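Visitor: Dropping in structure.pdb, with PDB, C-alpha atoms.
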ATOM      1  CA  MET A   1     -10.048  22.320  31.540
ATOM      2  CA  SER A   2      -9.726  21.236  35.177
ATOM      3  CA  ASP A   3     -12.590  19.449  36.913
ATOM      4  CA  GLU A   4     -12.930  22.400  39.291
ATOM      5  CA  LEU A   5     -13.653  24.802  36.435
ATOM      6  CA  ARG A   6     -16.123  22.670  34.464
ATOM      7  CA  ILE A   7     -19.529  24.289  34.117
ATOM      8  CA  GLY A   8     -21.073  20.818  34.390
ATOM      9  CA  ASN A   9     -20.175  20.826  38.087
ATOM     10  CA  ILE A  10     -22.468  23.832  38.527
ATOM     11  CA  VAL A  11     -25.454  22.581  36.560
ATOM     12  CA  GLY A  12     -25.466  18.873  37.265
ATOM     13  CA  GLY A  13     -22.105  17.117  37.509
ATOM     14  CA  ALA A  14     -20.568  14.561  35.167
ATOM     15  CA  THR A  15     -22.564  13.300  32.206
ATOM     16  CA  ALA A  16     -23.506   9.633  32.072
ATOM     17  CA  GLY A  17     -24.436   9.569  28.372
ATOM     18  CA  GLY A  18     -22.645   9.973  25.074
ATOM     19  CA  LEU A  19     -22.115  13.124  23.018
ATOM     20  CA  PHE A  20     -23.917  15.926  24.871
ATOM     21  CA  ASP A  21     -25.469  13.274  27.128
ATOM     22  CA  VAL A  22     -27.570  11.524  24.475
ATOM     23  CA  PRO A  23     -28.234   7.909  25.530
ATOM     24  CA  TRP A  24     -25.692   5.186  24.831
ATOM     25  CA  ALA A  25     -26.788   2.297  22.613
ATOM     26  CA  ALA A  26     -25.024  -0.820  21.408
ATOM     27  CA  PRO A  27     -23.708  -0.655  17.829
ATOM     28  CA  GLY A  28     -26.472  -1.794  15.515
ATOM     29  CA  GLU A  29     -29.289  -0.604  17.786
ATOM     30  CA  VAL A  30     -31.011   2.290  16.018
ATOM     31  CA  GLY A  31     -34.556   1.984  17.327
ATOM     32  CA  ASP A  32     -36.467   5.151  16.536
ATOM     33  CA  ALA A  33     -33.393   7.395  16.740
ATOM     34  CA  ASP A  34     -33.253  10.137  14.125
ATOM     35  CA  VAL A  35     -29.481  10.535  14.561
ATOM     36  CA  VAL A  36     -26.862   7.950  15.504
ATOM     37  CA  VAL A  37     -23.484   9.150  16.745
ATOM     38  CA  MET A  38     -20.510   6.809  16.428
ATOM     39  CA  GLY A  39     -16.783   7.175  16.867
ATOM     40  CA  ALA A  40     -14.453   5.967  14.122
ATOM     41  CA  ARG A  41     -10.975   6.177  15.610
ATOM     42  CA  THR A  42      -9.331   5.555  12.242
ATOM     43  CA  ALA A  43      -9.933   3.828   8.931
ATOM     44  CA  THR A  44      -6.765   3.801   6.813
ATOM     45  CA  PRO A  45      -3.882   5.672   8.471
ATOM     46  CA  TYR A  46      -0.647   6.304   6.611
ATOM     47  CA  PRO A  47       2.325   4.291   7.916
ATOM     48  CA  SER A  48       4.353   7.467   8.401
ATOM     49  CA  VAL A  49       2.000   8.899  11.046
ATOM     50  CA  GLY A  50      -0.278   6.079  12.227
ATOM     51  CA  PRO A  51      -3.699   6.693  13.832
ATOM     52  CA  TYR A  52      -2.772  10.066  15.316
ATOM     53  CA  CYS A  53      -6.423  11.126  15.808
ATOM     54  CA  ALA A  54      -7.587   7.882  17.431
ATOM     55  CA  ASP A  55      -8.420   9.592  20.735
ATOM     56  CA  GLY A  56     -10.387  12.343  19.004
ATOM     57  CA  PRO A  57     -13.909  10.917  19.491
ATOM     58  CA  ASP A  58     -13.507  10.509  23.248
ATOM     59  CA  ALA A  59     -11.949  13.958  23.635
ATOM     60  CA  ILE A  60     -14.834  15.550  21.749
ATOM     61  CA  ARG A  61     -17.417  13.775  23.910
ATOM     62  CA  ALA A  62     -15.589  14.789  27.095
ATOM     63  CA  ALA A  63     -15.163  18.450  26.176
ATOM     64  CA  VAL A  64     -18.503  19.640  27.519
ATOM     65  CA  GLY A  65     -21.551  18.008  29.033
ATOM     66  CA  TRP A  66     -23.805  17.577  32.025
ATOM     67  CA  PRO A  67     -26.788  15.355  32.770
ATOM     68  CA  GLY A  68     -29.894  16.366  30.864
ATOM     69  CA  MET A  69     -28.149  19.098  28.915
ATOM     70  CA  GLY A  70     -30.139  18.156  25.830
ATOM     71  CA  GLU A  71     -33.222  19.605  27.508
ATOM     72  CA  HIS A  72     -31.575  22.974  28.127
ATOM     73  CA  TYR A  73     -32.099  25.837  25.664
ATOM     74  CA  ASP A  74     -29.413  25.936  22.982
ATOM     75  CA  PHE A  75     -28.994  29.421  21.527
ATOM     76  CA  ASP A  76     -27.010  28.125  18.548
ATOM     77  CA  LEU A  77     -30.020  26.052  17.503
ATOM     78  CA  GLY A  78     -32.905  28.178  18.757
ATOM     79  CA  GLY A  79     -34.406  25.512  21.000
ATOM     80  CA  THR A  80     -33.400  22.296  22.701
ATOM     81  CA  LEU A  81     -30.503  20.376  21.193
ATOM     82  CA  LEU A  82     -32.597  17.876  19.238
ATOM     83  CA  GLY A  83     -35.743  19.954  18.830
ATOM     84  CA  GLY A  84     -37.982  17.153  20.060
ATOM     85  CA  ARG A  85     -36.300  14.452  17.977
ATOM     86  CA  SER A  86     -34.062  11.644  19.258
ATOM     87  CA  ALA A  87     -30.442  10.501  19.060
ATOM     88  CA  VAL A  88     -28.243   7.753  20.460
ATOM     89  CA  ASP A  89     -24.493   7.323  20.725
ATOM     90  CA  TRP A  90     -22.988   3.952  19.780
ATOM     91  CA  GLY A  91     -19.619   4.762  21.313
ATOM     92  CA  ASN A  92     -16.512   3.887  19.317
ATOM     93  CA  LEU A  93     -16.587   1.241  16.620
ATOM     94  CA  GLU A  94     -14.169  -1.673  16.606
ATOM     95  CA  CYS A  95     -10.817  -0.577  15.227
ATOM     96  CA  SER A  96      -7.770  -2.581  14.163
ATOM     97  CA  ASP A  97      -4.215  -1.273  14.242
ATOM     98  CA  ASP A  98      -3.229  -3.242  11.161
ATOM     99  CA  ASP A  99      -6.317  -4.552   9.325
ATOM    100  CA  PHE A 100      -7.443  -1.396   7.572
ATOM    101  CA  ALA A 101      -9.806  -3.210   5.226
ATOM    102  CA  ALA A 102     -11.630  -4.466   8.331
ATOM    103  CA  ASN A 103     -11.815  -0.902   9.677
ATOM    104  CA  ARG A 104     -13.353   0.336   6.457
ATOM    105  CA  GLU A 105     -15.867  -2.489   6.352
ATOM    106  CA  GLU A 106     -16.884  -1.952   9.978
ATOM    107  CA  ILE A 107     -17.540   1.741   9.315
ATOM    108  CA  ARG A 108     -19.375   1.059   6.059
ATOM    109  CA  GLN A 109     -21.623  -1.593   7.573
ATOM    110  CA  ARG A 110     -22.467   0.448  10.666
ATOM    111  CA  VAL A 111     -23.348   3.558   8.659
ATOM    112  CA  ALA A 112     -25.434   1.419   6.294
ATOM    113  CA  GLN A 113     -27.357   0.067   9.300
ATOM    114  CA  VAL A 114     -28.267   3.609  10.317
ATOM    115  CA  LEU A 115     -29.329   4.562   6.806
ATOM    116  CA  ASP A 116     -31.341   1.377   6.314
ATOM    117  CA  ALA A 117     -33.238   2.186   9.513
ATOM    118  CA  GLY A 118     -34.046   5.690   8.280
ATOM    119  CA  GLY A 119     -31.619   7.522  10.558
ATOM    120  CA  ALA A 120     -28.780   9.926   9.886
ATOM    121  CA  PRO A 121     -25.188   9.121  10.941
ATOM    122  CA  LEU A 122     -22.880  11.541  12.713
ATOM    123  CA  VAL A 123     -19.391  10.039  12.726
ATOM    124  CA  LEU A 124     -16.647  11.407  14.965
ATOM    125  CA  GLY A 125     -13.089  10.776  13.815
ATOM    126  CA  GLY A 126     -10.424   9.858  13.656
ATOM    127  CA  ASP A 127      -8.357  10.912  10.641
ATOM    128  CA  ASP A 128      -9.893  12.040   7.390
ATOM    129  CA  SER A 129      -9.744   8.615   5.783
ATOM    130  CA  ILE A 130     -13.060   7.832   7.484
ATOM    131  CA  PRO A 131     -15.291   9.552   4.861
ATOM    132  CA  ILE A 132     -14.422   6.911   2.241
ATOM    133  CA  PRO A 133     -16.233   3.971   3.891
ATOM    134  CA  ILE A 134     -18.930   6.296   5.242
ATOM    135  CA  LEU A 135     -19.778   7.502   1.745
ATOM    136  CA  GLN A 136     -19.635   3.964   0.364
ATOM    137  CA  ALA A 137     -22.555   3.168   2.684
ATOM    138  CA  TYR A 138     -24.771   5.581   0.719
ATOM    139  CA  GLU A 139     -24.738   3.328  -2.360
ATOM    140  CA  HIS A 140     -28.429   2.513  -1.941
ATOM    141  CA  HIS A 141     -29.296   5.838  -0.321
ATOM    142  CA  GLY A 142     -28.338   8.316  -3.019
ATOM    143  CA  PRO A 143     -27.994  10.482  -4.831
ATOM    144  CA  ILE A 144     -26.105  12.717  -2.438
ATOM    145  CA  THR A 145     -24.227  15.991  -2.598
ATOM    146  CA  ILE A 146     -21.068  16.329  -0.525
ATOM    147  CA  LEU A 147     -20.257  19.609   1.160
ATOM    148  CA  GLN A 148     -16.649  19.342   2.292
ATOM    149  CA  LEU A 149     -15.007  21.883   4.615
ATOM    150  CA  ASP A 150     -11.256  21.364   4.639
ATOM    151  CA  ALA A 151      -7.992  23.254   4.392
ATOM    152  CA  HIS A 152      -7.002  20.683   1.743
ATOM    153  CA  ILE A 153      -8.872  19.225  -1.240
ATOM    154  CA  ASP A 154      -7.943  15.522  -0.746
ATOM    155  CA  TRP A 155      -7.761  14.614  -4.440
ATOM    156  CA  ARG A 156      -4.550  12.547  -4.470
ATOM    157  CA  ASP A 157      -5.061   9.227  -6.246
ATOM    158  CA  GLU A 158      -2.590   7.684  -3.820
ATOM    159  CA  LEU A 159      -0.055   8.730  -1.244
ATOM    160  CA  GLN A 160       2.656   6.468   0.174
ATOM    161  CA  GLY A 161       1.142   3.735  -1.970
ATOM    162  CA  GLU A 162      -2.242   4.007  -0.212
ATOM    163  CA  ARG A 163      -5.395   4.902  -2.182
ATOM    164  CA  ASN A 164      -7.788   5.070   0.791
ATOM    165  CA  GLY A 165      -5.935   7.531   2.981
ATOM    166  CA  LEU A 166      -6.894  10.993   4.162
ATOM    167  CA  SER A 167      -5.450  12.750   1.102
ATOM    168  CA  SER A 168      -7.686  10.738  -1.253
ATOM    169  CA  ASN A 169     -11.176  10.892   0.241
ATOM    170  CA  MET A 170     -12.754  13.260  -2.311
ATOM    171  CA  ARG A 171     -11.019  11.477  -5.217
ATOM    172  CA  ARG A 172     -12.567   8.194  -4.030
ATOM    173  CA  ALA A 173     -15.939   9.909  -3.497
ATOM    174  CA  SER A 174     -15.893  11.166  -7.080
ATOM    175  CA  GLU A 175     -15.761   7.528  -8.231
ATOM    176  CA  MET A 176     -19.026   6.662  -6.456
ATOM    177  CA  PRO A 177     -21.947   6.908  -8.916
ATOM    178  CA  TRP A 178     -24.363   7.957  -6.153
ATOM    179  CA  VAL A 179     -22.313  11.108  -5.481
ATOM    180  CA  GLU A 180     -23.838  13.611  -7.889
ATOM    181  CA  ARG A 181     -22.112  16.797  -6.756
ATOM    182  CA  ILE A 182     -19.179  17.859  -4.613
ATOM    183  CA  VAL A 183     -18.776  21.365  -3.207
ATOM    184  CA  GLN A 184     -15.426  21.904  -1.494
ATOM    185  CA  ILE A 185     -14.751  24.996   0.576
ATOM    186  CA  GLY A 186     -11.982  26.364   2.749
ATOM    187  CA  ALA A 187      -8.824  25.254   0.913
ATOM    188  CA  ARG A 188      -5.854  27.497   1.646
ATOM    189  CA  GLY A 189      -2.081  27.432   1.821
ATOM    190  CA  SER A 190      -0.241  24.294   0.713
ATOM    191  CA  GLY A 191      -1.115  20.648   1.235
ATOM    192  CA  SER A 192      -0.554  17.416  -0.619
ATOM    193  CA  ALA A 193      -2.439  18.558  -3.728
ATOM    194  CA  ARG A 194      -0.474  19.104  -6.921
ATOM    195  CA  PRO A 195      -1.652  21.143  -9.930
ATOM    196  CA  ASN A 196      -2.893  18.025 -11.704
ATOM    197  CA  ASP A 197      -5.003  17.064  -8.670
ATOM    198  CA  VAL A 198      -6.726  20.451  -8.751
ATOM    199  CA  ALA A 199      -7.241  20.094 -12.499
ATOM    200  CA  ASP A 200      -8.776  16.643 -12.017
ATOM    201  CA  ALA A 201     -11.191  17.947  -9.386
ATOM    202  CA  LEU A 202     -12.318  20.797 -11.611
ATOM    203  CA  ALA A 203     -12.618  18.496 -14.639
ATOM    204  CA  TRP A 204     -14.886  16.171 -12.641
ATOM    205  CA  GLY A 205     -17.139  19.124 -11.865
ATOM    206  CA  VAL A 206     -16.236  20.035  -8.284
ATOM    207  CA  ARG A 207     -17.369  23.492  -7.211
ATOM    208  CA  LEU A 208     -14.144  24.589  -5.568
ATOM    209  CA  LEU A 209     -14.365  27.638  -3.303
ATOM    210  CA  PRO A 210     -11.004  28.334  -1.631
ATOM    211  CA  MET A 211     -10.803  30.722   1.303
ATOM    212  CA  THR A 212      -9.494  33.466  -0.985
ATOM    213  CA  ASP A 213     -12.788  33.348  -2.911
ATOM    214  CA  LEU A 214     -14.928  33.115   0.205
ATOM    215  CA  ARG A 215     -13.246  36.131   1.801
ATOM    216  CA  ARG A 216     -13.777  38.132  -1.362
ATOM    217  CA  THR A 217     -17.373  37.250  -2.169
ATOM    218  CA  GLY A 218     -18.876  35.759   1.009
ATOM    219  CA  LEU A 219     -20.263  32.464   2.293
ATOM    220  CA  HIS A 220     -23.623  32.957   0.581
ATOM    221  CA  GLN A 221     -22.157  31.485  -2.602
ATOM    222  CA  VAL A 222     -21.750  28.136  -0.827
ATOM    223  CA  VAL A 223     -25.477  27.899  -0.192
ATOM    224  CA  GLU A 224     -26.184  29.109  -3.725
ATOM    225  CA  ALA A 225     -24.059  26.255  -5.084
ATOM    226  CA  LEU A 226     -26.463  23.709  -3.561
ATOM    227  CA  ARG A 227     -29.787  22.772  -5.137
ATOM    228  CA  ALA A 228     -32.852  23.151  -2.930
ATOM    229  CA  ASP A 229     -33.689  19.458  -3.423
ATOM    230  CA  ALA A 230     -30.140  18.276  -2.671
ATOM    231  CA  ARG A 231     -29.540  15.569  -0.082
ATOM    232  CA  VAL A 232     -26.388  16.934   1.552
ATOM    233  CA  TYR A 233     -23.686  15.064   3.403
ATOM    234  CA  ILE A 234     -21.340  17.356   5.371
ATOM    235  CA  ALA A 235     -17.697  16.256   5.577
ATOM    236  CA  LEU A 236     -15.975  18.492   8.124
ATOM    237  CA  ASP A 237     -12.216  18.227   8.435
ATOM    238  CA  ILE A 238     -11.668  20.326  11.539
ATOM    239  CA  ASP A 239      -8.510  21.879  10.068
ATOM    240  CA  ALA A 240     -10.948  23.942   8.018
ATOM    241  CA  MET A 241     -11.160  26.031  11.192
ATOM    242  CA  ASP A 242      -8.583  28.696  11.890
ATOM    243  CA  PRO A 243      -5.823  27.402  14.221
ATOM    244  CA  SER A 244      -6.816  30.057  16.743
ATOM    245  CA  VAL A 245     -10.138  28.210  17.076
ATOM    246  CA  VAL A 246      -8.937  24.601  16.741
ATOM    247  CA  PRO A 247      -5.167  24.341  17.241
ATOM    248  CA  GLY A 248      -5.270  20.549  17.646
ATOM    249  CA  VAL A 249      -4.688  19.398  14.061
ATOM    250  CA  ILE A 250      -1.755  17.886  12.206
ATOM    251  CA  GLY A 251      -1.852  20.424   9.363
ATOM    252  CA  PRO A 252      -2.772  23.869  10.750
ATOM    253  CA  ALA A 253      -3.227  26.592   8.138
ATOM    254  CA  PRO A 254      -3.775  30.271   8.998
ATOM    255  CA  GLY A 255      -6.791  32.055   7.597
ATOM    256  CA  GLY A 256      -9.458  29.443   8.298
ATOM    257  CA  PHE A 257     -13.070  29.619   9.391
ATOM    258  CA  GLN A 258     -14.304  31.074  12.651
ATOM    259  CA  TYR A 259     -16.827  29.125  14.706
ATOM    260  CA  GLY A 260     -19.727  31.494  13.987
ATOM    261  CA  GLU A 261     -19.133  31.381  10.255
ATOM    262  CA  VAL A 262     -19.402  27.597  10.139
ATOM    263  CA  LEU A 263     -22.441  27.532  12.419
ATOM    264  CA  ASP A 264     -24.214  30.105  10.229
ATOM    265  CA  LEU A 265     -23.292  28.135   7.120
ATOM    266  CA  PHE A 266     -24.582  24.825   8.493
ATOM    267  CA  THR A 267     -27.821  26.490   9.574
ATOM    268  CA  ALA A 268     -28.321  28.050   6.132
ATOM    269  CA  VAL A 269     -27.598  24.781   4.331
ATOM    270  CA  ALA A 270     -30.027  22.897   6.589
ATOM    271  CA  ALA A 271     -32.709  25.501   5.894
ATOM    272  CA  LYS A 272     -32.359  25.001   2.131
ATOM    273  CA  CYS A 273     -31.466  21.317   1.744
ATOM    274  CA  SER A 274     -32.013  17.962   3.422
ATOM    275  CA  LEU A 275     -29.084  16.893   5.610
ATOM    276  CA  VAL A 276     -28.480  13.143   5.411
ATOM    277  CA  GLY A 277     -25.318  12.688   7.457
ATOM    278  CA  ALA A 278     -22.062  14.236   8.590
ATOM    279  CA  ASN A 279     -18.633  13.525   9.952
ATOM    280  CA  LEU A 280     -16.095  15.517  11.927
ATOM    281  CA  ALA A 281     -12.517  14.361  11.387
ATOM    282  CA  GLU A 282      -8.902  15.255  12.146
ATOM    283  CA  PHE A 283      -9.150  16.538  15.702
ATOM    284  CA  ALA A 284      -5.861  15.592  17.400
ATOM    285  CA  PRO A 285      -6.167  16.115  21.170
ATOM    286  CA  GLY A 286      -2.419  15.791  21.665
ATOM    287  CA  ALA A 287      -1.885  19.025  19.739
ATOM    288  CA  ASP A 288      -4.734  20.932  21.378
ATOM    289  CA  VAL A 289      -4.162  24.030  23.491
ATOM    290  CA  GLY A 290      -6.143  24.601  26.660
ATOM    291  CA  GLY A 291      -9.031  22.470  25.442
ATOM    292  CA  ARG A 292     -10.025  25.111  22.877
ATOM    293  CA  GLY A 293     -10.143  22.768  19.918
ATOM    294  CA  ALA A 294     -12.027  20.078  21.819
ATOM    295  CA  LEU A 295     -14.662  22.594  22.884
ATOM    296  CA  ALA A 296     -15.140  24.032  19.383
ATOM    297  CA  SER A 297     -15.246  20.524  17.888
ATOM    298  CA  ALA A 298     -17.808  19.390  20.441
ATOM    299  CA  ARG A 299     -20.014  22.405  19.846
ATOM    300  CA  LEU A 300     -19.892  21.935  16.061
ATOM    301  CA  ALA A 301     -20.643  18.226  16.470
ATOM    302  CA  ALA A 302     -23.613  19.039  18.709
ATOM    303  CA  SER A 303     -24.928  21.586  16.230
ATOM    304  CA  LEU A 304     -24.626  19.058  13.416
ATOM    305  CA  MET A 305     -26.501  16.539  15.552
ATOM    306  CA  GLY A 306     -29.275  19.046  16.181
ATOM    307  CA  LEU A 307     -29.536  20.083  12.539
ATOM    308  CA  LEU A 308     -29.548  16.472  11.352
ATOM    309  CA  ALA A 309     -32.355  15.727  13.810
ATOM    310  CA  ARG A 310     -34.359  18.710  12.616
ATOM    311  CA  SER A 311     -33.820  17.696   8.992
ATOM    312  CA  ALA A 312     -35.514  14.394   9.833
ATOM    313  CA  ALA A 313     -38.561  16.179  11.273
TER
END
Rewrite the coordinates I just gave you, this time as structure tokens.
Guide:
Amino acid sequence: MSDELRIGNIVGGATAGGLFDVPWAAPGEVGDADVVVMGARTATPYPSVGPYCADGPDAIRAAVGWPGMGEHYDFDLGGTLLGGRSAVDWGNLECSDDDFAANREEIRQRVAQVLDAGGAPLVLGGDDSIPIPILQAYEHHGPITILQLDAHIDWRDELQGERNGLSSNMRRASEMPWVERIVQIGARGSGSARPNDVADALAWGVRLLPMTDLRRTGLHQVVEALRADARVYIALDIDAMDPSVVPGVIGPAPGGFQYGEVLDLFTAVAAKCSLVGANLAEFAPGADVGGRGALASARLAASLMGLLARSAA
């Protein structure tokens, strides 16, 4: 979107803060923030593609914003963005192009700092390897239930010799004792999963709800699959969205979610359960079309931030 056509120029000009103009803070500074936003440009990229989503966090932050927008009425949330709570944005975490173990440890430690301080992390990716170190940080903050939205199930034990890549995040999560339940929704078409990977997920106890099931019986079954006392972590791979909504992904698959469906789902889950963190991964600005994917990603990230803040109330 050109500078001339940005709505921010009408209502206040360029934002000086982080995601949706929440204040910047140095990594490690939580204070009394209920939500801490941080960018994780990559964790463990595959050699064949590299960190192709590394510019995702900045593109999401830049998609929409104007000074003080958090005090404007947000019709997706039914009030101001944070509903009287507080959030800060740490910017992007340190990221190495070749020391992936260091990337994972940086993400794990930073998320643990937020949790130890009583806040909720919202991590902007970056490829979908980032959930592995994020979820490792919940070791002393469990048990948790994972709600994953993704066009793929990510249950490969390894791919290209790598066990911590984007195709393995739910397999690695299943090995964490503090993860008590995994609900995976939105799978469709073909990805890296083989029949034995699906069988392993089901044998572990995953509640798997592909798009074919959701279209037939409705999104209400997702909420029904979650216990009212569950502490829910939302892992959003943005390719869960239909490519008409978010074209900027490496693995587009027709038949995905619409924006309103995901917003309604997040709102319903937050009304039933306690939200304890979230990530948005896999937005690739270089494949976006007309800024559509950046805008939808930013709006979903903002809604997650607002719902996480309200869950802390």
Visitor: Set the distance at 12 Å and use only C-alpha atoms: which residues neighbour A:Pro121 once local chain neighbours fewer than 6 positions away are removed? I'd like the list as a ChimeraX atom specification.
Guide: /A:28,30,33-40,87-90,107-115,131,134-135,137-138,233-235,275-280,301,304-309,312
Visitor: Let me know the centre plus edge lengths, in Å and rounded to one decimal, of a box with edges along x, y and z that contains all listed atoms of stretch 235-252 of chain A and is padded by 4 Å on every side, as JSON.
Guide:
{"center_x": -9.7, "center_y": 23.2, "center_z": 11.6, "size_x": 23.9, "size_y": 21.8, "size_z": 20.1}
Visitor: Applying 12 Å and all atoms listed in the file, which residues near A:Thr145 remain after dropping the ones on its own chain fewer than 5 positions away? List them as a PDB file with C-alpha atoms, keeping the file's coordinate frame.
Guide:
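Output below, filename around-v3.pdb:
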ATOM      1  CA  LEU A 135     -19.778   7.502   1.745  1.00  0.00           C
ATOM      2  CA  TYR A 138     -24.771   5.581   0.719  1.00  0.00           C
ATOM      3  CA  MET A 170     -12.754  13.260  -2.311  1.00  0.00           C
ATOM      4  CA  ALA A 173     -15.939   9.909  -3.497  1.00  0.00           C
ATOM      5  CA  SER A 174     -15.893  11.166  -7.080  1.00  0.00           C
ATOM      6  CA  MET A 176     -19.026   6.662  -6.456  1.00  0.00           C
ATOM      7  CA  PRO A 177     -21.947   6.908  -8.916  1.00  0.00           C
ATOM      8  CA  TRP A 178     -24.363   7.957  -6.153  1.00  0.00           C
ATOM      9  CA  VAL A 179     -22.313  11.108  -5.481  1.00  0.00           C
ATOM     10  CA  GLU A 180     -23.838  13.611  -7.889  1.00  0.00           C
ATOM     11  CA  ARG A 181     -22.112  16.797  -6.756  1.00  0.00           C
ATOM     12  CA  ILE A 182     -19.179  17.859  -4.613  1.00  0.00           C
ATOM     13  CA  VAL A 183     -18.776  21.365  -3.207  1.00  0.00           C
ATOM     14  CA  GLN A 184     -15.426  21.904  -1.494  1.00  0.00           C
ATOM     15  CA  VAL A 206     -16.236  20.035  -8.284  1.00  0.00           C
ATOM     16  CA  ARG A 207     -17.369  23.492  -7.211  1.00  0.00           C
ATOM     17  CA  ALA A 225     -24.059  26.255  -5.084  1.00  0.00           C
ATOM     18  CA  LEU A 226     -26.463  23.709  -3.561  1.00  0.00           C
ATOM     19  CA  ARG A 227     -29.787  22.772  -5.137  1.00  0.00           C
ATOM     20  CA  ALA A 228     -32.852  23.151  -2.930  1.00  0.00           C
ATOM     21  CA  ASP A 229     -33.689  19.458  -3.423  1.00  0.00           C
ATOM     22  CA  ALA A 230     -30.140  18.276  -2.671  1.00  0.00           C
ATOM     23  CA  ARG A 231     -29.540  15.569  -0.082  1.00  0.00           C
ATOM     24  CA  VAL A 232     -26.388  16.934   1.552  1.00  0.00           C
ATOM     25  CA  TYR A 233     -23.686  15.064   3.403  1.00  0.00           C
ATOM     26  CA  ILE A 234     -21.340  17.356   5.371  1.00  0.00           C
ATOM     27  CA  ALA A 235     -17.697  16.256   5.577  1.00  0.00           C
ATOM     28  CA  VAL A 269     -27.598  24.781   4.331  1.00  0.00           C
ATOM     29  CA  CYS A 273     -31.466  21.317   1.744  1.00  0.00           C
ATOM     30  CA  SER A 274     -32.013  17.962   3.422  1.00  0.00           C
ATOM     31  CA  LEU A 275     -29.084  16.893   5.610  1.00  0.00           C
ATOM     32  CA  VAL A 276     -28.480  13.143   5.411  1.00  0.00           C
ATOM     33  CA  GLY A 277     -25.318  12.688   7.457  1.00  0.00           C
ATOM     34  CA  ALA A 278     -22.062  14.236   8.590  1.00  0.00           C
TER      35      ALA A 278
END
Visitor: Ranking A:Arg41, A:Arg61, A:Arg310, A:His220 by minimum distance to A:Asp264 and counting only C-alpha atoms, which one comes first?
Guide: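 Nearest to A:Asp264: A:His220.
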Visitor: Could you tell me which residues the PyMOL selection byres ((chain A and resi 55) around 12) grabs in this file, written as a ChimeraX atom specification?
Guide: /A:39-42,51-54,56-62,92,95,124-127,248,281-288,294
Visitor: Spell out the residues picked by the PyMOL selection byres ((chain A and resi 292) around 9) here, as a list in words.
Guide: Ser244, Val245, Val246, Pro247, Gly248, Asp288, Val289, Gly290, Gly291, Gly293, Ala294, Leu295, Ala296 and Ser297 of chain A
Visitor: For the structure shown, which residues end up in the PyMOL selection byres ((chain A and resi 257) around 12)? Put them as number ranges by chain, please?
Guide: A: 149-151, 185-188, 210-212, 214-215, 218-219, 236-246, 252-256, 258-265, 296
Visitor: Just to confirm, what's the straight-line distance from atom CA of A:Asn164 to atom CA of A:Ile132 in Å (one decimal)?
Guide: 7.0 Å
Visitor: For A:Ala302, which residue out of A:Gln160, A:Glu224, A:Phe266, A:Tyr46 is the nearest one, using all atoms listed in the file?
Guide: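 Closest residue, counting all atoms listed in the file: A:Phe266.
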Visitor: Separation of atom CA of A:Ile130 and atom CA of A:Gly50, in Å?
Guide: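 Between atom CA of A:Ile130 and atom CA of A:Gly50 the gap is 13.7 Å.
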Visitor: Would you kindly identify which residues have an atom no farther than 12 Å from (-37.6, 19.4, 20.7), using all atoms listed in the file and the file's own coordinates, and write them out as a short mmCIF file (atom, residue, chain, number, x, y, z; two decimals) with C-alpha atoms, keeping the file's coordinate frame?
Guide:
data_model
loop_
_atom_site.label_atom_id
_atom_site.label_comp_id
_atom_site.auth_asym_id
_atom_site.auth_seq_id
_atom_site.Cartn_x
_atom_site.Cartn_y
_atom_site.Cartn_z
CA GLY A 70 -30.14 18.16 25.83
CA GLU A 71 -33.22 19.60 27.51
CA HIS A 72 -31.58 22.97 28.13
CA TYR A 73 -32.10 25.84 25.66
CA ASP A 74 -29.41 25.94 22.98
CA LEU A 77 -30.02 26.05 17.50
CA GLY A 78 -32.90 28.18 18.76
CA GLY A 79 -34.41 25.51 21.00
CA THR A 80 -33.40 22.30 22.70
CA LEU A 81 -30.50 20.38 21.19
CA LEU A 82 -32.60 17.88 19.24
CA GLY A 83 -35.74 19.95 18.83
CA GLY A 84 -37.98 17.15 20.06
CA ARG A 85 -36.30 14.45 17.98
CA SER A 86 -34.06 11.64 19.26
CA ALA A 87 -30.44 10.50 19.06
CA GLY A 306 -29.28 19.05 16.18
CA LEU A 307 -29.54 20.08 12.54
CA ALA A 309 -32.35 15.73 13.81
CA ARG A 310 -34.36 18.71 12.62
CA ALA A 313 -38.56 16.18 11.27
#
Visitor: Go through A:Arg171, A:His152, A:Arg299, A:Arg216 one by one, measure the shortest atom-to-atom distance of each to A:Asp76 using only C-alpha atoms, and give the residue with the smallest value.
Guide: A:Arg299
